[in-house]
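Notes follow once the structure below has been shown.
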Amino acid sequence: MNVVVNATPLIALALVGQLSLLREMFDAVIVPRAVYEEVVIDGYGQPGSAELAQASWIQVVSPARAVTLEPMLLGLDSGELSVLLLAQEIQPGWVIIDERLARRVAQAMGLPVKGTLGILLAAVWAGLLTRQTALDALEQLLSAGIRISPRWQHWFRTEVDKAY
C-alpha cells in the first residue's frame, strides 16, 4: 500500500522516534516536495528535519497539477494542498494528515484518511509497537506540545487497549 504524508505526522512520528514505522508498514511513502521543503529546509534544526532528510526511503514527488488557488483562500497551507493534489493523482491507500480542515477536505474528495494516532494504532495492530510504546508515544507527543483533543486521546487509549 502507498501513502501520501503531510508535515505534521512526519514531525510527530520523528518526535517519538517512530518515523521508520512508515517504511515498515507501507510499500511506498510519498511526500510532496512542498512538505519536504517545509520540514527539511524551512524547518531546519526543528524536530523532524534531520530525520526526514536522512530517510532515503521516502519518495519526494511534486503533484503534476499546479496549485491554481491561493491555499490560504481554502484555509489550507501549501503543503496540505500539495498532499491533497498528489493524493488525488495517485490514489494512495491512505492520506496521512492530522489537521482537521485538511482531513475534512480529503474525505470530501473521497480520499482515505489516517492521522498520526491512526498510524500508531495500526502499528500496534500489526505487532510493530507494544501497547506501552504506543501509549508512551502519545504522552511524548503531548509533552512536546502537539495538540491532541481529549476526545482523540481517549479514543486512542481505548483502541490500543482493545488491541490487547
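Chain identifiers are assigned as A, B, and so on, following the order in which chains appear in the C-alpha cells; residues are numbered from 1 within each chain, and ligands are numbered from 1 in order of appearance.
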Considering only C-alpha atoms, give me a table of residues in region 103-134 of chain A that are at most 10 Å from region 16-20 of chain A, with the closest atom pair and distance in Å for each, as JSON lines.
{"residue": "A:Leu120", "atom": "CA", "partner": "A:Gln18", "partner_atom": "CA", "distance": 8.6}
{"residue": "A:Ala123", "atom": "CA", "partner": "A:Gln18", "partner_atom": "CA", "distance": 10.0}
{"residue": "A:Leu129", "atom": "CA", "partner": "A:Gln18", "partner_atom": "CA", "distance": 9.4}
{"residue": "A:Thr133", "atom": "CA", "partner": "A:Val16", "partner_atom": "CA", "distance": 9.6}
{"residue": "A:Ala134", "atom": "CA", "partner": "A:Val16", "partner_atom": "CA", "distance": 9.6}
Legend entry - Shell of 8 Å around region 37-46 of chain A, only C-alpha atoms, local chain residues under 4 positions omitted, as a list in words: Ala7, Ile11, Arg33, Ala50, Leu52, Ala53 and Gly79 of chain A
Inset, instruction - Could you give me, as a count of residues only, the residues within 10 Å of region 103-111 of chain A, counting only C-alpha atoms and dropping anything in the same chain fewer than 2 positions from it? - result: 23
Inset, instruction - Mind checking which residues fall within 10 Å of region 153-161 of chain A, counting only C-alpha atoms, ignoring those fewer than 3 positions away in the same chain, and posting them as a list in words? - result: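 Residues meeting the cut-off are Leu117, Gly118, Leu120, Leu121, Ala122, Val124, Trp125, Thr130, Arg131, Gln132, Ala134, Leu135, Leu138, Glu139, Leu142, Ile148, Ser149, Pro150 and Tyr164 of chain A.
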Keeping only C-alpha atoms, write the selected residues to a file as a compact mmCIF listing (two decimals), in the first residue's frame.
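Okay, this is what ended up in result.txt:
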# COMPACT_ATOMS: atom_id res chain seq x y z
CA LEU A 117 -2.62 8.31 16.07
CA GLY A 118 -4.14 6.07 13.42
CA LEU A 120 0.47 4.35 15.79
CA LEU A 121 -2.65 2.26 16.34
CA ALA A 122 -2.17 0.39 13.05
CA VAL A 124 0.06 -1.82 17.41
CA TRP A 125 -2.40 -3.99 15.49
CA THR A 130 3.64 -2.68 22.03
CA ARG A 131 0.71 -1.23 23.91
CA GLN A 132 3.07 0.57 26.27
CA ALA A 134 2.13 3.39 21.77
CA LEU A 135 0.81 4.94 25.00
CA LEU A 138 1.02 9.64 22.97
CA GLU A 139 2.47 11.09 26.16
CA LEU A 142 1.54 15.78 24.37
CA ILE A 148 -4.46 16.33 20.52
CA SER A 149 -8.00 16.79 21.72
CA PRO A 150 -9.05 14.91 24.87
CA TYR A 164 -4.52 -6.37 23.69
Legend entry - In region 56-149 of chain A, DSSP strand (DSSP E) residues written as a PyMOL selection string: chain A and resi 58-61+94-96+113-114
Inset, instruction - One decimal, Å: what's the distance from CA of Ala126 (chain A) over to CA of Met1 (chain A), could you say? - result: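 Interatomic distance, CA of Ala126 (chain A) to CA of Met1 (chain A): 14.1 Å.
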Legend entry - Among listed residues A:Pro112, A:Gly75, A:Pro63, A:Pro47, nearest Gly145 (chain A) (using only C-alpha atoms):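 Nearest to Gly145 (chain A): A:Pro47.
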Legend entry - Backbone DSSP call of alpha helix (DSSP H) for region 4-164 of chain A, listed as a PyMOL selection string: chain A and resi 7-15+20-25+33-36+49-54+71-74+78-90+100-108+116-125+131-143+150-162
Neighbour list for Val60 (chain A) as a PDB file with N, CA and C atoms, in the first residue's frame, cut-off 6 Å, only C-alpha atoms, skip fewer than 2 positions in-chain:
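And here is the file that came out, out-v9.pdb:
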ATOM      1  N   ILE A  30       5.206   8.540   0.230  1.00  0.00           N
ATOM      2  CA  ILE A  30       5.349   9.641  -0.716  1.00  0.00           C
ATOM      3  C   ILE A  30       5.062  10.957  -0.018  1.00  0.00           C
ATOM      4  N   VAL A  31       5.964  11.904  -0.192  1.00  0.00           N
ATOM      5  CA  VAL A  31       5.854  13.216   0.433  1.00  0.00           C
ATOM      6  C   VAL A  31       5.944  14.268  -0.670  1.00  0.00           C
ATOM      7  N   PRO A  32       4.967  15.155  -0.763  1.00  0.00           N
ATOM      8  CA  PRO A  32       5.067  16.220  -1.764  1.00  0.00           C
ATOM      9  C   PRO A  32       6.290  17.104  -1.502  1.00  0.00           C
ATOM     10  N   ARG A  33       6.890  17.619  -2.574  1.00  0.00           N
ATOM     11  CA  ARG A  33       8.068  18.473  -2.444  1.00  0.00           C
ATOM     12  C   ARG A  33       7.806  19.633  -1.494  1.00  0.00           C
TER      13      ARG A  33
END
